[in-house]
Structure formats: structure tokens, C-alpha cells
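Okay, coords_6.cif is below, mmCIF, C-alpha atoms:
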```cif
data_my_file
loop_
_atom_site.label_atom_id
_atom_site.label_comp_id
_atom_site.auth_asym_id
_atom_site.auth_seq_id
_atom_site.Cartn_x
_atom_site.Cartn_y
_atom_site.Cartn_z
CA MET Y 105 129.56 -5.20 -38.52
CA ASN Y 106 126.04 -5.39 -37.11
CA HIS Y 107 124.75 -8.59 -35.55
CA PRO Y 108 120.96 -8.19 -35.15
CA GLU Y 109 120.71 -11.34 -33.03
CA SER Y 110 123.06 -9.75 -30.51
CA TYR Y 111 120.63 -6.90 -29.82
CA PRO Y 112 117.81 -7.06 -27.25
CA PRO Y 113 114.63 -8.08 -29.14
CA VAL Y 114 113.09 -4.61 -28.97
CA PHE Y 115 116.17 -3.18 -30.73
CA ARG Y 116 115.86 -5.58 -33.67
CA LYS Y 117 112.80 -3.95 -35.20
CA PRO Y 118 111.09 -0.56 -35.21
CA ILE Y 119 109.67 0.32 -31.81
CA SER Y 120 106.23 0.85 -33.29
CA GLU Y 121 106.17 -2.84 -34.17
CA SER Y 122 107.33 -4.06 -30.74
CA ASP Y 123 105.16 -6.33 -28.68
CA ASP Y 124 103.13 -4.14 -26.29
CA GLN Y 125 103.30 -6.91 -23.70
CA VAL Y 126 107.09 -6.74 -23.43
CA THR Y 127 108.18 -5.22 -20.12
CA ILE Y 128 111.34 -3.16 -20.18
CA THR Y 129 112.89 -1.92 -16.94
CA THR Y 130 114.16 1.64 -17.00
CA THR Y 131 113.70 5.07 -15.49
CA LEU Y 132 110.84 7.26 -16.60
CA LYS Y 133 111.35 10.75 -17.96
CA ASN Y 134 111.23 13.63 -15.51
CA PRO Y 135 107.92 15.34 -16.32
CA GLU Y 136 109.53 18.74 -15.66
CA GLU Y 137 111.85 18.25 -18.61
CA GLU Y 138 110.66 19.45 -22.00
CA GLU Y 139 109.85 16.66 -24.42
CA PRO Y 140 112.66 16.60 -27.00
CA LYS Y 141 111.81 17.49 -30.57
CA ARG Y 142 112.36 14.79 -33.16
CA ASP Y 143 115.23 16.75 -34.74
CA ASP Y 144 116.85 16.99 -31.29
CA ILE Y 145 116.92 13.23 -30.80
CA PHE Y 146 119.37 12.30 -33.54
CA LEU Y 147 122.92 13.43 -34.13
CA GLN Y 148 123.01 16.23 -36.69
CA ASP Y 149 125.93 16.57 -39.07
CA SER Y 150 126.52 20.30 -38.91
CA SER Y 151 123.85 22.28 -37.05
CA ASP Y 152 125.03 21.67 -33.45
CA PRO Y 153 127.22 24.22 -31.62
CA VAL Y 154 130.98 23.82 -32.01
CA GLU Y 155 132.49 21.80 -29.19
CA VAL Y 156 134.75 23.84 -26.92
CA VAL Y 157 135.13 21.60 -23.87
CA PRO Y 158 138.25 22.62 -21.87
CA VAL Y 159 141.45 20.54 -22.08
CA ILE Y 160 143.45 19.76 -18.92
CA ASP Y 161 146.98 18.33 -18.86
CA LEU Y 162 147.25 15.89 -15.96
CA GLN Y 163 151.02 16.26 -15.69
CA ASP Y 164 150.68 19.99 -14.98
CA ILE Y 165 147.61 20.35 -12.77
CA ILE Y 166 149.44 19.80 -9.47
CA THR Y 167 152.38 22.17 -10.03
CA ASN Y 168 151.36 24.55 -12.82
CA LEU Y 169 149.36 27.54 -11.56
CA GLU Y 170 147.92 28.29 -15.01
CA GLN Y 171 146.65 24.72 -15.35
CA GLN Y 172 145.15 24.90 -11.86
CA HIS Y 173 143.32 28.05 -12.88
CA GLN Y 174 142.08 26.34 -16.05
CA LEU Y 175 140.96 23.34 -14.00
CA GLU Y 176 139.04 25.65 -11.65
CA GLU Y 177 137.31 27.34 -14.60
CA ALA Y 178 136.47 23.98 -16.20
CA CYS Y 179 134.92 22.66 -12.97
CA ARG Y 180 133.00 25.88 -12.27
CA ASP Y 181 131.76 26.69 -15.78
CA TRP Y 182 131.47 23.28 -17.42
CA GLY Y 183 131.70 20.41 -14.94
CA ILE Y 184 133.54 18.48 -17.64
CA PHE Y 185 136.93 18.55 -19.33
CA ARG Y 186 139.19 16.59 -21.65
CA LEU Y 187 142.20 14.95 -20.00
CA VAL Y 188 145.53 14.58 -21.83
CA ASN Y 189 148.85 13.08 -20.70
CA HIS Y 190 146.84 10.76 -18.44
CA GLY Y 191 149.28 7.84 -18.58
CA VAL Y 192 146.74 5.17 -19.59
CA PRO Y 193 148.29 3.09 -22.39
CA LEU Y 194 146.46 3.56 -25.68
CA LYS Y 195 147.02 -0.14 -26.36
CA LEU Y 196 145.11 -1.05 -23.19
CA ILE Y 197 142.20 1.19 -24.13
CA SER Y 198 142.12 -0.29 -27.64
CA GLN Y 199 142.29 -3.88 -26.38
CA LEU Y 200 139.51 -3.29 -23.86
CA GLN Y 201 137.26 -1.70 -26.48
CA ASP Y 202 137.94 -4.57 -28.92
CA GLN Y 203 137.17 -7.17 -26.27
CA ALA Y 204 133.97 -5.36 -25.30
CA GLN Y 205 132.82 -5.35 -28.92
CA LYS Y 206 133.37 -9.11 -29.14
CA ILE Y 207 131.30 -9.69 -26.02
CA PHE Y 208 128.47 -7.46 -27.21
CA SER Y 209 128.41 -9.33 -30.53
CA MET Y 210 127.32 -12.47 -28.66
CA SER Y 211 123.63 -13.30 -28.93
CA PHE Y 212 121.30 -11.45 -26.57
CA GLU Y 213 120.23 -14.72 -24.98
CA ALA Y 214 123.85 -15.77 -24.38
CA LYS Y 215 124.63 -12.47 -22.65
CA GLN Y 216 121.53 -12.77 -20.47
CA THR Y 217 122.53 -16.26 -19.39
CA LEU Y 218 126.23 -15.58 -18.99
CA PHE Y 219 126.09 -12.38 -16.97
CA ASN Y 220 122.80 -12.41 -15.08
CA ASN Y 221 122.97 -15.76 -13.31
CA ASN Y 222 126.17 -15.41 -11.30
CA GLY Y 223 125.19 -13.26 -8.33
CA SER Y 224 122.80 -13.05 -5.40
CA SER Y 225 121.19 -10.32 -3.31
CA SER Y 226 123.88 -10.71 -0.66
CA THR Y 227 126.79 -11.08 -3.10
CA PRO Y 228 126.33 -8.99 -6.27
CA ALA Y 229 127.65 -10.34 -9.54
CA ALA Y 230 131.04 -9.00 -10.59
CA VAL Y 231 129.69 -8.43 -14.12
CA SER Y 232 126.00 -7.99 -14.92
CA TYR Y 233 124.24 -7.24 -18.19
CA PHE Y 234 121.57 -4.55 -18.66
CA TRP Y 235 119.78 -2.82 -21.48
CA GLY Y 236 117.25 -0.06 -22.09
CA THR Y 237 118.18 2.04 -19.05
CA PRO Y 238 121.12 3.60 -17.21
CA ALA Y 239 119.33 3.30 -13.84
CA LEU Y 240 120.54 0.27 -11.89
CA THR Y 241 120.52 -0.93 -8.29
CA PRO Y 242 123.84 -1.20 -6.40
CA SER Y 243 123.96 -4.87 -7.38
CA GLY Y 244 123.66 -4.04 -11.08
CA SER Y 245 120.06 -5.03 -11.74
CA VAL Y 246 117.69 -2.66 -13.52
CA LEU Y 247 115.43 -0.30 -11.59
CA GLY Y 248 111.90 0.81 -12.44
CA LYS Y 249 109.49 -0.10 -15.24
CA VAL Y 250 108.31 1.78 -18.28
CA ASP Y 251 106.63 1.36 -21.63
CA PRO Y 252 108.97 -0.21 -24.25
CA LYS Y 253 108.53 2.90 -26.39
CA LYS Y 254 110.45 4.95 -23.81
CA ILE Y 255 113.58 2.86 -23.50
CA ASN Y 256 117.12 4.20 -23.85
CA TRP Y 257 118.78 2.81 -26.97
CA VAL Y 258 121.68 1.26 -25.08
CA GLU Y 259 122.93 -2.01 -23.62
CA GLY Y 260 125.77 -2.45 -21.21
CA LEU Y 261 127.87 -4.36 -18.72
CA ASN Y 262 128.09 -3.24 -15.10
CA VAL Y 263 131.47 -4.23 -13.62
CA LEU Y 264 132.08 -4.16 -9.86
CA LEU Y 265 135.86 -3.90 -9.79
CA SER Y 266 136.08 -5.00 -6.15
CA GLN Y 267 134.47 -8.32 -7.12
CA LEU Y 268 136.65 -9.09 -10.14
CA SER Y 269 139.07 -11.31 -8.19
CA ASP Y 270 136.14 -13.64 -7.46
CA TYR Y 271 135.18 -13.56 -11.14
CA HIS Y 272 138.37 -15.44 -12.06
CA ASP Y 273 136.95 -18.83 -11.03
CA GLN Y 274 133.66 -18.18 -12.82
CA VAL Y 275 135.32 -17.52 -16.19
CA SER Y 276 138.04 -20.15 -15.85
CA GLY Y 277 138.43 -21.89 -19.20
CA ASP Y 278 136.77 -19.09 -21.18
CA THR Y 279 139.67 -17.32 -22.88
CA MET Y 280 137.66 -14.31 -24.05
CA LEU Y 281 136.05 -13.57 -20.69
CA ASP Y 282 139.24 -14.18 -18.75
CA SER Y 283 141.08 -11.77 -21.04
CA PHE Y 284 138.30 -9.25 -20.49
CA ARG Y 285 138.69 -9.65 -16.70
CA VAL Y 286 142.47 -9.11 -16.85
CA LEU Y 287 142.07 -6.00 -19.00
CA LEU Y 288 139.40 -4.62 -16.67
CA GLU Y 289 141.60 -5.11 -13.61
CA GLU Y 290 144.48 -3.24 -15.26
CA TYR Y 291 142.18 -0.53 -16.54
CA GLY Y 292 140.52 -0.15 -13.13
CA GLY Y 293 143.91 0.40 -11.53
CA HIS Y 294 144.66 3.24 -13.93
CA MET Y 295 141.23 4.79 -13.39
CA ALA Y 296 141.58 4.70 -9.60
CA ARG Y 297 144.93 6.47 -9.91
CA LEU Y 298 143.47 9.14 -12.15
CA ALA Y 299 140.46 9.69 -9.90
CA ARG Y 300 142.71 10.22 -6.87
CA GLU Y 301 145.03 12.62 -8.70
CA ILE Y 302 142.17 14.61 -10.24
CA PHE Y 303 140.32 14.76 -6.91
CA GLU Y 304 143.42 16.02 -5.12
CA ALA Y 305 143.91 18.72 -7.76
CA ILE Y 306 140.25 19.77 -7.55
CA LEU Y 307 140.38 20.01 -3.75
CA LYS Y 308 143.44 22.21 -4.12
CA THR Y 309 141.49 24.65 -6.30
CA LEU Y 310 138.88 24.74 -3.52
CA ASN Y 311 141.55 25.32 -0.86
CA MET Y 312 140.60 22.05 0.80
CA ASP Y 313 143.14 19.70 2.40
CA SER Y 314 142.86 16.28 0.68
CA LYS Y 315 144.46 14.36 3.57
CA GLN Y 316 142.16 15.92 6.13
CA TYR Y 317 138.99 15.37 4.15
CA ASN Y 318 139.83 11.86 2.94
CA SER Y 319 140.72 10.63 6.45
CA LYS Y 320 137.80 12.26 8.26
CA SER Y 321 134.97 12.12 5.78
CA GLN Y 322 136.09 9.51 3.24
CA LEU Y 323 134.91 11.64 0.37
CA LEU Y 324 136.55 9.43 -2.23
CA SER Y 325 136.80 5.66 -1.77
CA GLU Y 326 138.56 3.39 -4.25
CA SER Y 327 136.46 0.44 -3.08
CA THR Y 328 133.38 2.09 -4.60
CA GLY Y 329 134.85 2.25 -8.11
CA PHE Y 330 133.02 0.47 -10.90
CA VAL Y 331 133.01 0.43 -14.69
CA ARG Y 332 130.14 0.45 -17.13
CA VAL Y 333 130.72 -0.62 -20.71
CA TYR Y 334 128.10 0.66 -23.16
CA ARG Y 335 127.01 -0.18 -26.67
CA TYR Y 336 124.61 2.14 -28.51
CA PRO Y 337 123.14 0.36 -31.54
CA LYS Y 338 122.91 2.18 -34.83
CA ILE Y 339 119.43 3.56 -35.54
CA SER Y 340 117.67 2.24 -38.63
CA LYS Y 341 115.64 4.45 -40.96
CA ALA Y 342 112.43 2.90 -39.65
CA ASP Y 343 113.42 3.73 -36.07
CA GLU Y 344 114.03 7.37 -36.98
CA GLU Y 345 110.28 7.98 -36.91
CA GLU Y 346 110.26 7.19 -33.18
CA ALA Y 347 111.60 9.32 -30.33
CA VAL Y 348 114.60 7.10 -29.68
CA ILE Y 349 117.51 8.45 -27.62
CA GLY Y 350 120.78 6.72 -26.79
CA MET Y 351 120.76 7.76 -23.13
CA GLN Y 352 118.40 10.19 -21.49
CA VAL Y 353 119.44 13.51 -19.96
CA HIS Y 354 121.00 12.98 -16.54
CA THR Y 355 123.75 13.86 -14.10
CA ASP Y 356 126.05 11.26 -12.55
CA SER Y 357 125.77 10.58 -8.82
CA SER Y 358 129.53 10.07 -8.53
CA VAL Y 359 132.33 12.29 -7.29
CA ILE Y 360 134.20 11.82 -10.57
CA SER Y 361 133.42 9.92 -13.77
CA ILE Y 362 136.08 9.13 -16.40
CA LEU Y 363 134.99 8.17 -19.91
CA ASN Y 364 136.74 6.80 -22.94
CA GLN Y 365 134.76 6.56 -26.16
CA ASN Y 366 135.36 5.04 -29.56
CA GLN Y 367 135.47 7.28 -32.60
CA VAL Y 368 131.68 7.58 -32.92
CA ASP Y 369 129.86 10.78 -31.92
CA GLY Y 370 126.94 10.92 -29.54
CA LEU Y 371 127.90 12.44 -26.18
CA GLU Y 372 126.58 15.95 -25.52
CA VAL Y 373 126.75 18.27 -22.50
CA PHE Y 374 124.43 21.11 -21.52
CA LYS Y 375 125.77 24.61 -20.85
CA ASP Y 376 124.29 28.09 -21.21
CA ASP Y 377 120.99 26.65 -22.47
CA LYS Y 378 122.75 24.87 -25.35
CA TRP Y 379 123.84 21.32 -26.11
CA PHE Y 380 127.48 20.86 -27.11
CA HIS Y 381 129.05 17.84 -28.80
CA VAL Y 382 131.92 16.17 -26.98
CA ARG Y 383 133.57 14.68 -30.01
CA PRO Y 384 135.82 11.63 -29.62
CA ILE Y 385 139.55 12.43 -29.90
CA LEU Y 386 142.08 9.62 -29.89
CA ASN Y 387 143.94 9.13 -26.59
CA GLU Y 388 141.94 11.76 -24.71
CA LEU Y 389 139.71 10.88 -21.78
CA ILE Y 390 136.60 12.77 -20.72
CA VAL Y 391 136.27 13.67 -17.03
CA ASN Y 392 132.97 14.90 -15.66
CA LEU Y 393 131.99 15.92 -12.16
CA GLY Y 394 129.07 14.21 -10.47
CA ASP Y 395 126.52 15.19 -7.84
CA MET Y 396 128.83 14.33 -4.95
CA MET Y 397 131.53 16.67 -6.23
CA GLN Y 398 128.99 19.46 -6.57
CA ALA Y 399 127.94 18.94 -2.93
CA ILE Y 400 131.54 18.66 -1.69
CA SER Y 401 132.36 21.96 -3.43
CA ASN Y 402 129.30 23.63 -1.86
CA ASP Y 403 127.90 24.22 -5.35
CA GLU Y 404 131.01 26.09 -6.51
CA TYR Y 405 131.46 23.36 -9.10
CA VAL Y 406 128.74 21.83 -11.21
CA SER Y 407 127.53 18.29 -11.81
CA VAL Y 408 127.24 18.37 -15.57
CA LYS Y 409 123.98 17.50 -17.30
CA HIS Y 410 124.64 15.25 -20.29
CA ARG Y 411 123.04 12.80 -22.72
CA VAL Y 412 123.90 10.49 -25.59
CA LYS Y 413 122.13 11.07 -28.88
CA ALA Y 414 121.19 8.25 -31.21
CA ASN Y 415 123.54 7.73 -34.15
CA LYS Y 416 122.19 6.88 -37.59
CA HIS Y 417 125.54 5.83 -39.05
CA ASP Y 418 127.51 3.64 -36.65
CA GLU Y 419 127.39 1.73 -33.38
CA ARG Y 420 128.89 3.67 -30.50
CA PHE Y 421 130.94 2.07 -27.71
CA SER Y 422 132.12 3.76 -24.54
CA ILE Y 423 133.61 2.75 -21.18
CA CYS Y 424 133.00 4.85 -18.08
CA TYR Y 425 134.59 4.60 -14.63
CA PHE Y 426 132.76 6.00 -11.61
CA MET Y 427 134.12 6.66 -8.10
CA PHE Y 428 132.06 7.66 -5.06
CA PRO Y 429 132.48 8.57 -1.40
CA ALA Y 430 132.56 5.76 1.11
CA GLU Y 431 128.99 4.84 2.09
CA ASP Y 432 129.43 6.31 5.58
CA GLY Y 433 131.52 9.32 4.52
CA VAL Y 434 129.61 12.41 5.65
CA ILE Y 435 129.38 15.32 3.21
CA ARG Y 436 129.09 18.67 4.96
CA SER Y 437 128.53 22.04 3.31
CA SER Y 438 126.48 25.14 4.00
CA LYS Y 439 124.17 24.48 1.05
CA TYR Y 440 123.19 20.96 2.15
CA LYS Y 441 122.13 19.06 5.22
CA PRO Y 442 124.87 16.61 6.32
CA PHE Y 443 124.38 13.34 4.42
CA THR Y 444 126.27 10.23 3.42
CA TYR Y 445 126.45 8.73 -0.03
CA LYS Y 446 124.44 5.81 1.35
CA ASP Y 447 121.66 8.30 2.21
CA PHE Y 448 121.84 9.83 -1.25
CA GLN Y 449 121.82 6.49 -3.03
CA ALA Y 450 118.81 5.26 -1.04
CA GLN Y 451 116.89 8.45 -1.84
CA VAL Y 452 117.66 8.20 -5.55
CA GLN Y 453 116.53 4.57 -5.61
CA HIS Y 454 113.31 5.52 -3.82
CA ASP Y 455 112.58 8.43 -6.17
CA VAL Y 456 113.16 6.36 -9.29
CA LYS Y 457 110.83 3.65 -8.00
CA THR Y 458 108.06 6.01 -6.85
CA LEU Y 459 108.36 9.02 -9.17
CA GLY Y 460 110.08 7.44 -12.16
CA PHE Y 461 113.06 9.80 -12.17
CA LYS Y 462 116.02 10.95 -10.06
CA VAL Y 463 115.54 14.15 -8.02
CA GLY Y 464 119.11 14.19 -6.75
CA LEU Y 465 120.73 16.90 -4.64
CA GLU Y 466 117.56 18.97 -4.30
CA ARG Y 467 116.42 16.42 -1.71
CA PHE Y 468 119.30 17.44 0.58
CA LYS Y 469 119.29 21.23 0.17
CA ASN Y 470 119.12 23.32 3.33
CA PRO Y 471 115.83 25.24 3.66
#
```
Could you express the structure from this file as C-alpha cells?
Amino acid sequence: MNHPESYPPVFRKPISESDDQVTITTTLKNPEEEEPKRDDIFLQDSSDPVEVVPVIDLQDIITNLEQQHQLEEACRDWGIFRLVNHGVPLKLISQLQDQAQKIFSMSFEAKQTLFNNNGSSSTPAAVSYFWGTPALTPSGSVLGKVDPKKINWVEGLNVLLSQLSDYHDQVSGDTMLDSFRVLLEEYGGHMARLAREIFEAILKTLNMDSKQYNSKSQLLSESTGFVRVYRYPKISKADEEEAVIGMQVHTDSSVISILNQNQVDGLEVFKDDKWFHVRPILNELIVNLGDMMQAISNDEYVSVKHRVKANKHDERFSICYFMFPAEDGVIRSSKYKPFTYKDFQAQVQHDVKTLGFKVGLERFKNP
């Protein structure tokens, strides 16, 4: 059920009628990218290519040579795969999605007050609320400014898992938020486990020693893990006349990202000059490689370009876990100058502020 008062004000009416004085913070579009056609903005019922994203069985990727080969192909050719037999309880996923929907159904003003007044520059908020953009600072606040007509049709919660223990006191007495915290802590534990197991399996396909690289370079750090919970509002007929997109084309900066999505379409990945649907399938997770994994693999594996298209029929909800290298973990490969994730993050923040878009790994390529 839709609750218009729960949406950010700009989402409650056609963009063409929005107040031109409203300032929305978001990233600008990379001018090198082709402007999407109107028909390419919205989810089509039958004209898109058939989805053929690889499927990987977690229980077999460490010991089964065939699965290891399939994992290698998925990382090299796609940068994304479906994960089955992952061990995350379906009940937990369902409960977390249900709780997220209840929180998003709160009024926009209540969410702004509840989640954006509980942190400081020195101590980021455990949970912060954002909308209109996927580009945030490390503390969870939005980055950059753009015309309201160029917003991403999304709102979300940024959850710093390492701060959740401190969040207990802040939500004491609020049954819904405390339940959300408990579910997030359990979910975060499962995601950290999956990220470690997947990373170890990927390093094996690269003939890299996980113990050596984790101890010396800290290429994957559980303390960096965070969750983003997204809601993509349904697009009205009036809004269809505008170039509205759920989330703009991008790559993740992470080593590994792990997504679960409700049963509403929207996610697409780019391969061989085509966009492919990644349709929701019950009890399957979506794993995609980020920029850090591409650098670690010396460009043998790809950081997948993806987007979320606007949906005319239903609201879409998704929950994504991201894990990164330790800030001071040095990434070394022949294709790139040695750099830390802290260097990369600072450069991305600078580019978004000054150019309006993320340049990414190209900044660190060897001449």
C-alpha cells in the first residue's frame, strides 16, 4: 500500500510541478555517458534481453573444481552472480524486509527527524536517512548538489554495522526500531561470513593466498561492512513523462556487495553492450564485484556496471551489504599505482564534489 506522505516531497507529485527552489543533494550524471532514451528509463515487460546471470552454489565453491571454474567465469565475464545455498535464513530476510517497509511507511518528516539527528562529524550516526542519490559521505550524509529534475527515484537507510551496539540506547523503548536493530545485527553477521567465504573462493581462482593477503594488505575488513536499505517508489503515469530513473548507472566501490531484493523487478547489469534484467528469485542472493575487487584481481575480474530502472507497477525494496579493504590496506597490482581504500574514497569524494560524478579506478591506473 502506498503512503504518499511517507515519500520525500519531490516524489509526491510530478517532477515538472516540483518547486524549482528545492535543493536536492545527489551526484550529477557523467557527461561522457549517453543520455538514456525515455523508453530505456522504465522497466519494459518483454523487450529486454533474457536474464542469464550465472548461479554459484556456496557449498561447492571451495571444494568443487567445476564450481570454482564457474565462479572464475562469472567474475571474469559478468562481475555478478546469483548465490544459492548461502545459509541465510529465509525467515530473517523476510522479517528484515517487512520491518524496513514499516519504517519507510513512516512520514518523511518523521524519518528525517528520527535518523538524521543522532550523529556528529566525529561520531557518525549508526543509521542515517537519505533520498534522491546513492552518493554519500562515509558518515552517511548526502554528497553533491543537483537540480531536482535529476534526482534518483530512491530513498534509503545507511546502516553502519560497527555502530549498531551504540544504537541500542538511542532506540530503547521503541519496539519497532529495536527489532530492526536486532535483525540488522543478525543479518550483518551472516553477510560478513558470506563476504569472507566468497572472497576466499575468489582469491583461490586467482591463485592468491587469502591468509597472506589478508594479514599483509588487509584487503577485506569486516569492520568496514555496512548495509543500505532502499525503497524505490512506484512511478505514476504523470511521472512517466519525465526522465526518472530508480538509481543511475554506477559501479560499487566495494570489494564485494551482496544484495537481497523483494519480488519486484528493476535491477539491471551491463554486459556486451546490452542491459540484462536480474530478476528477483526467492531465497537467492545477488553478489557483485566492486572496484576494489577489480583492482585486487589486476583487472582479470570486472566491477560490474549496473542500474535500477523505475517501476510503474510496484514499490521495490532491496537490502545491500558492502565490504571494503581496511582504510590503510595497500592494493598492489601491475595495472595500478599502489593505493589504499582511504586514497580511493577521498578521490571519489573529491571528484563527485568537483566534477559531479565518480571517475573511479581510472584515477589510479599506471601510465
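When all atoms listed in the file are used to measure the gap to Phe421 (chain Y), the shortest distance among Y:Glu326, Y:Asp278, Y:Glu176, Y:Glu259 belongs to Y:Glu259.
The smallest atom-to-atom distance between His190 (chain Y) and any of Y:Lys215, Y:Arg285, Y:His272, Y:His294, using only C-alpha atoms, is found for Y:His294.
Here CA of Ile385 (chain Y) stands at a distance of 25.8 Å from CA of Ser283 (chain Y).
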Would you work out the distance separating CA of Asp432 (chain Y) from CA of Ser232 (chain Y), expressed in Å to one decimal? 25.2 Å
Would you pick out the contacts of His354 (chain Y) at 8 Å or less, using only C-alpha atoms, so that residues sharing its chain but fewer than 6 positions from it are not included, and give the list as a ChimeraX atom specification? /Y:409-411
Could you pull the residues within 8 Å of Val412 (chain Y), counting all atoms listed in the file, minus those fewer than 3 positions along the same chain, as number ranges by chain? Y: 349-353, 370-372
Interface rows for region 240-319 of chain Y against region 185-189 of chain Y: nearest pair, Å to one decimal, 12 Å, all atoms listed in the file, as a Markdown table:
```
| residue | atom | partner | partner_atom | distance |
| --- | --- | --- | --- | --- |
| Y:Leu298 | CA | Y:Leu187 | CA | 9.8 |
| Y:Ala299 | CA | Y:Leu187 | CA | 11.5 |
| Y:Glu301 | CA | Y:Leu187 | CA | 11.9 |
| Y:Ile302 | CA | Y:Leu187 | CA | 9.8 |
```
If the PyMOL selection byres ((chain Y and resi 234) around 12) is run on the structure shown, which residues does it catch, given as JSON, numbers by chain? {"Y": [111, 112, 128, 129, 130, 208, 212, 215, 216, 217, 218, 219, 220, 231, 232, 233, 235, 236, 237, 238, 239, 240, 241, 243, 244, 245, 246, 247, 255, 256, 257, 258, 259, 260, 261, 262, 263, 332, 333, 334, 335]}
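As for CA of Lys195 (chain Y) and CA of Met295 (chain Y), they are spaced 15.0 Å apart.
Closest approach to Ala450 (chain Y) from the set Y:Val463, Y:Ile165, Y:Val382, Y:Ala230 is made by Y:Val463, with distances taken over only C-alpha atoms.
If you measure from each of Y:Glu170, Y:Glu177, Y:Glu388, Y:Asp455 to Ile362 (chain Y) using all atoms listed in the file, the closest one turns out to be Y:Glu388.
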Padding 4 Å on every side, please: axis-aligned box over the listed atoms of region 347-353 of chain Y, centre and edge lengths to one decimal in Å, as AutoDock Vina command-line options.
```
--center_x 116.2 --center_y 10.1 --center_z -25.1 --size_x 17.2 --size_y 14.8 --size_z 18.4
```
